[in-house]
file coords_19.txt (compact mmCIF, C-alpha atoms and all ligand atoms)
# COMPACT_ATOMS: atom_id res chain seq x y z
CA MET A 373 88.95 49.30 55.68
CA GLU A 374 88.91 52.26 58.07
CA THR A 375 92.12 54.23 58.54
CA GLN A 376 93.13 54.56 62.18
CA LEU A 377 92.97 58.18 63.34
CA LYS A 378 96.18 59.40 64.99
CA SER A 379 97.39 62.64 66.59
CA GLN A 380 97.51 64.94 63.62
CA SER A 381 95.99 68.18 64.84
CA LYS A 382 97.35 71.38 63.29
CA LEU A 383 96.29 73.39 66.36
CA ASP A 384 98.26 76.62 66.60
CA SER A 385 97.03 79.03 69.26
CA LEU A 386 93.91 80.62 70.74
CA VAL A 387 93.02 84.15 69.69
CA CYS A 388 90.78 86.73 71.30
CA SER A 389 87.71 87.05 69.09
CA GLN A 390 87.78 90.81 69.53
CA CYS A 391 91.38 92.13 69.38
CA LYS A 392 93.02 88.96 67.97
CA SER A 393 95.67 88.78 70.74
CA SER A 394 97.19 85.35 70.81
CA TYR A 395 97.11 82.93 73.77
CA SER A 396 98.93 79.65 74.19
CA ALA A 397 96.87 76.57 73.41
CA ALA A 398 99.00 74.52 75.80
CA GLN A 399 97.33 75.75 78.97
CA VAL A 400 93.79 75.71 80.31
CA SER A 401 91.95 78.79 79.10
CA THR A 402 88.49 80.19 79.54
CA TYR A 403 87.86 83.48 77.73
CA SER A 404 90.25 86.27 76.73
CA LEU A 405 91.69 88.26 79.60
CA CYS A 406 92.34 91.26 77.33
CA CYS A 407 88.78 91.92 76.13
CA HIS A 408 86.71 89.44 78.15
CA LYS A 409 85.52 87.79 74.91
CA PRO A 410 85.52 84.22 73.52
CA LEU A 411 88.85 82.62 72.66
CA ILE A 412 89.00 80.94 69.28
CA PRO A 413 91.33 78.07 68.31
CA THR A 414 93.40 78.66 65.18
CA TYR A 415 95.29 76.11 63.08
CA HIS A 416 98.59 76.16 61.21
CA LYS A 417 98.26 76.52 57.46
CA ALA A 418 98.67 73.09 55.94
CA ASP A 419 98.31 71.39 52.61
CA LEU A 420 95.41 69.06 53.35
CA PRO A 421 93.64 67.57 50.34
CA LYS A 422 90.09 66.35 50.84
CA SER A 423 91.37 62.85 50.08
CA ILE A 424 92.73 62.62 53.66
CA LEU A 425 89.15 61.88 54.64
CA LEU A 426 88.87 58.75 52.52
CA GLY A 427 88.33 55.63 54.59
CA ARG A 428 88.18 57.46 57.90
CA GLU A 429 85.64 56.62 60.59
CA GLN A 430 82.16 58.07 60.15
CA SER A 431 82.23 60.45 63.09
CA MET A 432 83.05 64.08 63.80
CA TRP A 433 86.62 63.03 64.57
CA ARG A 434 87.38 62.44 60.89
CA TYR A 435 88.39 66.13 60.59
CA ALA A 436 91.24 65.45 63.03
CA GLU A 437 93.74 67.93 61.56
CA MET A 438 91.31 70.79 62.13
CA LEU A 439 90.37 69.76 65.68
CA PRO A 440 92.20 70.77 68.87
CA LEU A 441 92.86 67.35 70.42
CA LEU A 442 96.54 66.43 70.17
CA ASP A 443 96.50 62.88 71.49
CA TYR A 444 93.77 60.49 70.48
CA ASN A 445 94.20 58.51 73.68
CA ASN A 446 92.48 61.43 75.37
CA ARG A 447 89.40 61.13 73.22
CA VAL A 448 86.12 60.58 75.07
CA THR A 449 83.66 59.44 72.46
CA LEU A 450 80.23 57.88 72.32
CA GLY A 451 80.08 57.97 68.51
CA GLU A 452 79.04 61.59 67.88
CA GLY A 453 78.63 63.13 64.45
CA MET A 454 77.98 62.05 60.85
CA THR A 455 74.29 62.60 61.37
CA PRO A 456 72.03 62.13 58.33
CA ILE A 457 70.71 64.79 56.00
CA LEU A 458 67.05 64.03 55.35
CA LYS A 459 64.37 65.22 52.96
CA TRP A 460 60.81 65.86 54.05
CA PRO A 461 58.83 64.93 50.94
CA VAL A 462 55.36 65.71 52.27
CA LEU A 463 56.15 69.06 53.85
CA SER A 464 58.46 70.12 51.01
CA ASP A 465 55.65 69.46 48.58
CA ARG A 466 53.05 71.22 50.69
CA PHE A 467 55.14 74.39 50.99
CA GLY A 468 56.52 74.28 47.44
CA LEU A 469 60.16 73.84 48.45
CA THR A 470 62.01 71.60 46.02
CA ASN A 471 65.41 71.80 47.68
CA LEU A 472 64.77 71.46 51.41
CA LEU A 473 67.25 69.47 53.51
CA ILE A 474 67.17 68.64 57.21
CA LYS A 475 70.32 67.75 59.11
CA ASP A 476 69.09 65.60 61.97
CA GLU A 477 71.25 66.12 65.02
CA GLY A 478 68.69 64.37 67.21
CA VAL A 479 70.34 61.03 66.48
CA ASN A 480 73.58 62.00 68.22
CA PRO A 481 74.46 60.24 71.51
CA THR A 482 72.39 61.83 74.32
CA GLY A 483 69.85 63.02 71.74
CA SER A 484 71.24 66.36 70.63
CA PHE A 485 74.03 68.20 68.83
CA LYS A 486 75.42 69.11 72.26
CA ALA A 487 77.23 65.77 72.13
CA ARG A 488 79.66 67.21 69.61
CA GLY A 489 80.77 70.21 71.63
CA ILE A 490 80.82 68.42 74.94
CA ALA A 491 82.78 65.43 73.61
CA MET A 492 85.40 67.83 72.27
CA ALA A 493 85.60 70.04 75.37
CA VAL A 494 85.71 67.13 77.82
CA SER A 495 88.41 65.39 75.78
CA LYS A 496 90.52 68.53 75.45
CA ALA A 497 90.09 69.53 79.10
CA ILE A 498 91.29 66.07 80.15
CA GLU A 499 94.25 66.44 77.79
CA LEU A 500 95.06 69.70 79.58
CA GLY A 501 94.92 67.97 82.97
CA MET A 502 91.42 68.83 84.23
CA ASP A 503 89.40 66.17 85.97
CA SER A 504 86.06 67.66 86.99
CA PHE A 505 83.51 69.71 85.12
CA VAL A 506 80.73 72.19 85.75
CA ILE A 507 78.14 73.50 83.31
CA PRO A 508 75.20 75.92 83.28
CA THR A 509 72.61 74.49 80.91
CA ALA A 510 69.16 74.79 79.41
CA GLY A 511 69.00 70.97 79.45
CA ASN A 512 70.69 69.18 76.56
CA ALA A 513 74.24 70.31 77.26
CA GLY A 514 73.86 69.18 80.87
CA VAL A 515 72.71 65.75 79.78
CA ALA A 516 75.62 65.51 77.34
CA LEU A 517 78.16 66.58 79.95
CA SER A 518 76.75 64.08 82.45
CA ALA A 519 77.16 61.27 79.91
CA TYR A 520 80.64 62.22 78.71
CA ALA A 521 81.94 62.85 82.22
CA ALA A 522 80.62 59.42 83.22
CA ALA A 523 82.27 57.86 80.16
CA SER A 524 85.59 59.36 81.24
CA GLY A 525 85.16 58.42 84.91
CA ARG A 526 85.10 62.06 85.98
CA LYS A 527 82.70 64.19 88.01
CA ALA A 528 80.13 66.54 86.45
CA THR A 529 78.11 69.27 88.15
CA VAL A 530 75.11 70.45 86.16
CA ILE A 531 73.30 73.69 86.99
CA MET A 532 69.94 74.25 85.30
CA PRO A 533 66.86 76.44 85.66
CA ARG A 534 64.34 74.87 88.03
CA LYS A 535 61.67 75.20 85.33
CA THR A 536 63.58 72.92 82.92
CA PRO A 537 61.52 69.82 81.93
CA ASP A 538 62.06 66.84 84.28
CA TYR A 539 63.22 64.75 81.35
CA PHE A 540 66.58 66.58 81.40
CA LYS A 541 66.96 66.45 85.18
CA GLU A 542 66.32 62.71 85.29
CA GLN A 543 68.87 62.02 82.58
CA CYS A 544 71.62 63.98 84.31
CA GLU A 545 70.97 62.01 87.48
CA HIS A 546 70.87 58.78 85.50
CA TYR A 547 74.47 59.45 84.40
CA GLY A 548 75.48 60.20 87.99
CA ALA A 549 75.96 63.97 87.74
CA GLU A 550 75.47 66.36 90.63
CA LEU A 551 72.37 68.38 89.71
CA ILE A 552 71.74 71.89 91.04
CA LEU A 553 68.48 73.72 90.28
CA VAL A 554 68.37 77.51 90.18
CA GLU A 555 65.55 80.08 89.90
CA GLY A 556 65.56 82.14 86.70
CA LEU A 557 67.11 81.48 83.29
CA ILE A 558 70.48 80.13 82.20
CA ASP A 559 72.28 83.42 82.97
CA SER A 560 71.62 82.85 86.69
CA CYS A 561 73.04 79.33 86.34
CA GLY A 562 76.11 80.77 84.61
CA LYS A 563 76.99 82.96 87.59
CA LEU A 564 76.87 80.02 89.99
CA ALA A 565 78.85 77.83 87.56
CA ALA A 566 81.66 80.40 87.42
CA GLN A 567 81.87 80.52 91.23
CA MET A 568 81.80 76.76 91.61
CA ALA A 569 84.44 76.23 88.92
CA GLU A 570 86.73 78.65 90.70
CA ASN A 571 86.14 77.21 94.19
CA ARG A 572 86.57 73.60 93.10
CA GLY A 573 89.16 73.98 90.35
CA SER A 574 86.73 72.45 87.85
CA PHE A 575 86.61 73.11 84.12
CA ASN A 576 83.71 75.48 83.35
CA LEU A 577 81.94 74.54 80.12
CA SER A 578 79.75 77.63 80.00
CA THR A 579 78.80 78.44 76.38
CA MET A 580 81.62 80.24 74.53
CA LYS A 581 83.50 80.77 77.83
CA GLU A 582 85.92 78.02 76.90
CA PRO A 583 87.37 77.48 73.41
CA TYR A 584 86.55 73.85 72.61
CA ARG A 585 82.79 73.26 72.45
CA LEU A 586 82.88 75.51 69.39
CA GLU A 587 85.35 73.16 67.72
CA GLY A 588 83.09 70.18 68.26
CA LYS A 589 80.07 72.03 66.93
CA LYS A 590 81.89 73.35 63.90
CA THR A 591 82.08 69.77 62.64
CA MET A 592 78.41 70.21 61.62
CA GLY A 593 79.70 72.63 58.97
CA TYR A 594 82.44 70.27 57.73
CA GLU A 595 80.04 67.40 57.67
CA LEU A 596 77.22 69.05 55.82
CA ALA A 597 79.64 70.30 53.16
CA GLU A 598 81.12 66.83 52.74
CA GLN A 599 77.69 65.16 52.69
CA LEU A 600 76.54 67.62 49.98
CA ASP A 601 79.60 66.86 47.87
CA TRP A 602 81.20 70.18 48.87
CA GLN A 603 78.33 72.25 47.42
CA VAL A 604 77.08 74.27 50.39
CA PRO A 605 73.38 75.32 50.58
CA ASP A 606 72.09 78.81 49.71
CA MET A 607 70.62 79.29 53.16
CA ILE A 608 70.97 77.68 56.59
CA LEU A 609 68.43 78.17 59.37
CA TYR A 610 69.73 77.53 62.84
CA PRO A 611 67.96 77.69 66.25
CA THR A 612 70.07 80.20 68.14
CA GLY A 613 70.51 80.39 71.89
CA GLY A 614 74.16 80.86 72.86
CA GLY A 615 75.05 80.70 69.16
CA THR A 616 77.86 78.14 69.33
CA GLY A 617 76.49 76.12 66.43
CA LEU A 618 75.90 79.14 64.21
CA ILE A 619 79.37 80.53 64.89
CA GLY A 620 80.91 77.06 64.56
CA ILE A 621 79.32 76.27 61.21
CA TRP A 622 80.49 79.61 59.84
CA LYS A 623 84.01 79.00 61.21
CA ALA A 624 84.05 75.65 59.43
CA PHE A 625 83.07 77.28 56.14
CA LYS A 626 85.86 79.82 56.42
CA GLU A 627 88.41 77.16 57.31
CA MET A 628 87.28 75.03 54.38
CA ILE A 629 87.74 77.98 52.01
CA THR A 630 91.32 78.35 53.27
CA LEU A 631 91.87 74.63 52.82
CA GLY A 632 90.44 74.82 49.29
CA TRP A 633 87.69 72.31 50.16
CA ILE A 634 84.82 74.64 49.18
CA ASN A 635 84.54 77.77 47.07
CA GLY A 636 81.88 80.14 45.76
CA LYS A 637 79.15 81.88 47.67
CA LEU A 638 78.59 80.85 51.27
CA PRO A 639 75.08 80.33 52.67
CA LYS A 640 73.02 83.08 54.24
CA MET A 641 72.88 82.20 57.94
CA ILE A 642 69.47 82.75 59.54
CA ALA A 643 69.29 82.75 63.33
CA VAL A 644 65.90 81.59 64.60
CA GLN A 645 64.79 82.61 68.10
CA SER A 646 61.69 82.34 70.24
CA ALA A 647 59.59 85.50 70.43
CA LEU A 648 59.68 85.06 74.23
CA CYS A 649 63.46 85.38 74.34
CA SER A 650 64.92 87.20 71.35
CA PRO A 651 68.04 89.18 72.29
CA ILE A 652 69.67 88.57 68.92
CA MET A 653 66.60 89.87 67.09
CA ASP A 654 66.54 92.89 69.40
CA ARG A 655 70.16 93.71 68.73
CA PHE A 656 69.82 93.02 65.00
CA THR A 657 66.95 95.47 64.75
CA GLY A 658 68.57 98.05 67.03
CA ARG A 659 66.16 97.60 69.95
CA GLN A 660 67.11 97.64 73.63
CA PRO A 661 67.40 94.12 75.08
CA ASN A 662 64.30 93.24 77.06
CA ALA A 663 64.79 92.88 80.81
CA ALA A 664 62.00 90.31 81.04
CA TYR A 665 62.78 87.58 78.52
CA GLN A 666 60.91 84.39 79.36
CA MET A 667 61.48 80.67 79.11
CA SER A 668 60.32 79.18 75.80
CA ILE A 669 59.10 75.64 75.22
CA ALA A 670 62.31 75.59 73.12
CA ASN A 671 64.37 75.87 76.27
CA GLY A 672 67.67 75.86 74.34
CA LEU A 673 66.59 79.21 72.90
CA SER A 674 65.94 80.74 76.31
CA VAL A 675 69.28 82.54 76.51
CA PRO A 676 68.78 86.18 77.48
CA SER A 677 72.37 87.25 76.91
CA ALA A 678 74.83 85.25 74.83
CA PHE A 679 78.54 85.60 75.67
CA GLY A 680 79.30 85.15 71.96
CA GLU A 681 76.73 87.75 70.83
CA ASP A 682 79.26 89.89 68.93
CA MET A 683 80.37 86.82 67.02
CA ILE A 684 76.77 85.89 66.20
CA MET A 685 76.25 89.38 64.81
CA GLN A 686 79.43 89.07 62.78
CA VAL A 687 78.22 85.81 61.20
CA LEU A 688 74.88 87.40 60.31
CA ARG A 689 76.66 90.39 58.78
CA GLU A 690 79.27 88.43 56.84
CA SER A 691 76.77 85.93 55.50
CA GLU A 692 74.18 88.61 54.66
CA GLY A 693 71.87 86.65 56.90
CA SER A 694 69.15 87.71 59.29
CA VAL A 695 67.13 86.80 62.39
CA MET A 696 63.58 85.48 62.67
CA THR A 697 61.41 84.91 65.73
CA VAL A 698 58.57 82.43 66.09
CA THR A 699 55.77 82.11 68.62
CA GLU A 700 55.24 79.29 71.08
CA GLN A 701 52.12 78.29 69.17
CA GLU A 702 54.07 78.07 65.91
CA ILE A 703 56.73 75.92 67.60
CA PHE A 704 54.20 73.57 69.10
CA SER A 705 52.13 73.10 65.96
CA SER A 706 55.29 72.61 63.87
CA MET A 707 56.47 69.84 66.21
CA ASN A 708 53.20 68.02 65.73
CA GLU A 709 53.10 68.66 61.99
CA ILE A 710 56.57 67.14 61.54
CA GLY A 711 55.64 64.13 63.65
CA GLU A 712 52.45 63.58 61.71
CA HIS A 713 53.85 64.01 58.20
CA GLU A 714 57.52 63.09 58.44
CA SER A 715 57.49 60.66 61.38
CA MET A 716 60.09 62.54 63.32
CA LEU A 717 60.19 63.38 67.03
CA ILE A 718 61.81 66.74 66.45
CA SER A 719 63.07 69.05 69.20
CA ALA A 720 61.14 72.24 69.91
CA GLU A 721 64.23 74.13 68.71
CA GLY A 722 64.20 72.25 65.39
CA ALA A 723 60.46 72.87 65.10
CA ALA A 724 61.10 76.60 65.61
CA VAL A 725 63.36 76.53 62.59
CA TRP A 726 60.73 74.77 60.50
CA ALA A 727 58.15 77.35 61.58
CA ALA A 728 60.48 80.09 60.31
CA THR A 729 61.13 78.23 57.05
CA LYS A 730 57.41 77.92 56.37
CA ARG A 731 57.02 81.64 56.84
CA LEU A 732 59.79 82.29 54.31
CA ALA A 733 58.08 79.96 51.84
CA GLU A 734 54.58 81.34 52.35
CA SER A 735 55.69 84.95 52.07
CA LYS A 736 57.72 84.07 48.95
CA GLN A 737 60.91 85.39 50.52
CA VAL A 738 62.66 82.33 49.13
CA ASP A 739 62.48 80.96 45.64
CA LYS A 740 61.15 77.40 45.45
CA ASN A 741 64.52 76.17 44.18
CA THR A 742 66.54 77.78 46.98
CA LYS A 743 68.71 75.11 48.57
CA ILE A 744 67.69 75.46 52.22
CA LEU A 745 69.26 73.42 55.00
CA ILE A 746 67.62 73.45 58.39
CA LEU A 747 69.16 72.10 61.56
CA ASN A 748 67.17 69.91 63.86
CA THR A 749 69.41 70.17 66.88
CA GLY A 750 67.78 67.58 69.11
CA SER A 751 65.04 65.08 69.73
CA ARG A 752 61.64 65.83 71.24
CA CYS A 753 61.45 66.02 75.02
CA VAL A 754 58.32 68.13 75.67
C1 LIG B 801 68.12 71.45 71.08
C2 LIG B 801 68.86 72.75 71.13
N1 LIG B 801 68.88 73.52 70.04
C3 LIG B 801 69.53 74.72 70.02
C4 LIG B 801 70.18 75.20 71.14
C5 LIG B 801 70.93 76.50 71.06
O1 LIG B 801 72.27 76.20 70.78
P1 LIG B 801 73.40 77.26 70.55
O2 LIG B 801 74.02 77.53 71.87
O3 LIG B 801 74.38 76.60 69.62
O4 LIG B 801 72.79 78.48 69.96
C6 LIG B 801 70.21 74.41 72.30
C7 LIG B 801 70.91 74.88 73.51
O5 LIG B 801 70.65 74.47 74.62
C8 LIG B 801 69.53 73.16 72.30
O6 LIG B 801 69.52 72.36 73.37
call {"tool": "encode", "arguments": {"input": "coords_19.txt", "output": "structure tokens", "more": "lines below"}}
Ligand SMILES: Cc1ncc(COP(=O)(O)O)c(C=O)c1O
result
Amino acid sequence: METQLKSQSKLDSLVCSQCKSSYSAAQVSTYSLCCHKPLIPTYHKADLPKSILLGREQSMWRYAEMLPLLDYNNRVTLGEGMTPILKWPVLSDRFGLTNLLIKDEGVNPTGSFKARGIAMAVSKAIELGMDSFVIPTAGNAGVALSAYAAASGRKATVIMPRKTPDYFKEQCEHYGAELILVEGLIDSCGKLAAQMAENRGSFNLSTMKEPYRLEGKKTMGYELAEQLDWQVPDMILYPTGGGTGLIGIWKAFKEMITLGWINGKLPKMIAVQSALCSPIMDRFTGRQPNAAYQMSIANGLSVPSAFGEDMIMQVLRESEGSVMTVTEQEIFSSMNEIGEHESMLISAEGAAVWAATKRLAESKQVDKNTKILILNTGSRCV
């Protein structure tokens, strides 16, 4: 029998990711006023054995103590989380990888991992008294917000680049959101979102500019550890745009070490970007950011300047990880290859990660026994 989840969050405060100044978690916050950087939720130290998870519902909400929502009546859920970890027998064999795992986030409600972060942020914002939302988006986050706002009976405004595939636009409208199309990339959408949030008193869900989407996305880290019997992989490849998932997974690992749920060496975190838009690669290799980044077929990776960039760099440093870029051609052929051999309609972002993994295998940068986990963050839409 499932145990009923109650209000058991150990939420403490929000801290500035740069100078660690503390902010109250009881009021609506965006980013830190001291350093203009992301605010990160922290939790009181608590004795929480893994056994608390036994019998709990199979969703991201099972890690309730380490999530920011205080009252479960405020939860807006469509059943997000506890996505499967798959094996790709044909492709593993072909590329000589004996320990390849794929966490398939495409089966989340609204078709992507964005459901996790948006469910958490919408729920928490409602708990804090907000009742309308605005988001700049490359596509998936806008669809997720439209669905979760509709589920809560609240209004969503979604701002996306005009060049975004129609698939995303139609879905936002299907859920009744107000859709605004903007020239340029997601950074242009972000500027308008900030103005609109201020003018209308709406909650702005811009990536890493509020503290709660991160907490939803970090559940990918808790989940994959639990699903792998608390033995984390050697390497994780993650398609990185704004970086919330990468930062969140790493946050989860560090919290789980404090809780005593995992120990030993943590995975190397590899950020995968499109060669058309690779600010993280440019910073990692000491190059100037390019003024003319372009939109990739993996539109979630078309983020020219991530608000959480310092935190992404910190994860790469701490995990002894790195960055890889892949071409549009590699992304496209990987999508088709995965469909053909593993019967999966993978997102372009997930295909980018597979393209990078193949390169690691072919160039013998990984041993065939390396336990590699790749994230497919969404389902195919192009
Ligand atoms: C399918 C998909 N994968 C990856 C990303 C990048 O996510 P993050 O902001 O966590 O780096 C996005 C963002 O839009 C996305 O839609």
call {"tool": "closest_residue", "arguments": {"input": "coords_19.txt", "among": "A:Gly632, A:Pro533, A:Gly614, A:Pro651", "to": "ligand LIG 801 (chain B)", "atoms": "all atoms listed in the file"}}
result
A:Gly614
call {"tool": "closest_atom_pairs", "arguments": {"input": "coords_19.txt", "of": "region 446-499 of chain A", "to": "region 738-742 of chain A", "cutoff": "12 Å", "atoms": "only C-alpha atoms", "output": "JSON lines"}}
result
{"residue": "A:Ser464", "atom": "CA", "partner": "A:Lys740", "partner_atom": "CA", "distance": 9.5}
{"residue": "A:Asp465", "atom": "CA", "partner": "A:Lys740", "partner_atom": "CA", "distance": 10.2}
{"residue": "A:Arg466", "atom": "CA", "partner": "A:Lys740", "partner_atom": "CA", "distance": 11.5}
{"residue": "A:Phe467", "atom": "CA", "partner": "A:Lys740", "partner_atom": "CA", "distance": 8.7}
{"residue": "A:Gly468", "atom": "CA", "partner": "A:Lys740", "partner_atom": "CA", "distance": 5.9}
{"residue": "A:Leu469", "atom": "CA", "partner": "A:Lys740", "partner_atom": "CA", "distance": 4.8}
{"residue": "A:Thr470", "atom": "CA", "partner": "A:Asn741", "partner_atom": "CA", "distance": 5.5}
{"residue": "A:Asn471", "atom": "CA", "partner": "A:Asn741", "partner_atom": "CA", "distance": 5.7}
{"residue": "A:Leu472", "atom": "CA", "partner": "A:Thr742", "partner_atom": "CA", "distance": 7.9}
{"residue": "A:Leu473", "atom": "CA", "partner": "A:Thr742", "partner_atom": "CA", "distance": 10.6}
call {"tool": "residues_near_point", "arguments": {"input": "coords_19.txt", "point": "(83.7, 75.6, 83.5)", "cutoff": "8 Å", "atoms": "only C-alpha atoms", "output": "ChimeraX atom specification"}}
result
/A:402,505-507,565-566,569,574-578,581-582
call {"tool": "residues_near_point", "arguments": {"input": "coords_19.txt", "point": "(62.5, 66.8, 68.2)", "cutoff": "12 Å", "atoms": "only C-alpha atoms", "output": "ChimeraX atom specification"}}
result
/A:476-479,483-485,512,669-670,703-704,706-711,714-726,747-754
call {"tool": "closest_residue", "arguments": {"input": "coords_19.txt", "among": "A:Val695, A:Met502, A:Val675, A:Leu517", "to": "Cys544 (chain A)", "atoms": "only C-alpha atoms"}}
result
A:Leu517
call {"tool": "closest_residue", "arguments": {"input": "coords_19.txt", "among": "A:Val400, A:Cys407, A:Val698, A:Ile629", "to": "Gly501 (chain A)", "atoms": "all atoms listed in the file"}}
result
A:Val400
call {"tool": "closest_residue", "arguments": {"input": "coords_19.txt", "among": "A:Glu681, A:Glu555, A:Glu452, A:Asp419", "to": "ligand LIG 801 (chain B)", "atoms": "all atoms listed in the file"}}
result
A:Glu681
call {"tool": "residues_around", "arguments": {"input": "coords_19.txt", "residues": "Leu564 (chain A)", "least_positions_apart": "5", "cutoff": "9 Å", "atoms": "all atoms listed in the file", "output": "PyMOL selection string"}}
result
chain A and resi 508+531+554+569
call {"tool": "atom_distance", "arguments": {"input": "coords_19.txt", "atom1": "CA of Ile457 (chain A)", "atom2": "CA of Ser650 (chain A)"}}
result
27.8 Å
call {"tool": "atom_distance", "arguments": {"input": "coords_19.txt", "atom1": "CA of Leu557 (chain A)", "atom2": "CA of Ala510 (chain A)"}}
result
8.0 Å
call {"tool": "closest_residue", "arguments": {"input": "coords_19.txt", "among": "A:Gly489, A:Pro461, A:Pro661, A:Gly617", "to": "ligand LIG 801 (chain B)", "atoms": "only C-alpha atoms and all ligand atoms"}}
result
A:Gly617
call {"tool": "axis_aligned_box", "arguments": {"input": "coords_19.txt", "around": "region 498-515 of chain A", "padding_each_side": "8 Å", "output": "AutoDock Vina command-line options"}}
result
--center_x 82.0 --center_y 70.8 --center_z 81.8 --size_x 42.1 --size_y 26.2 --size_z 26.4
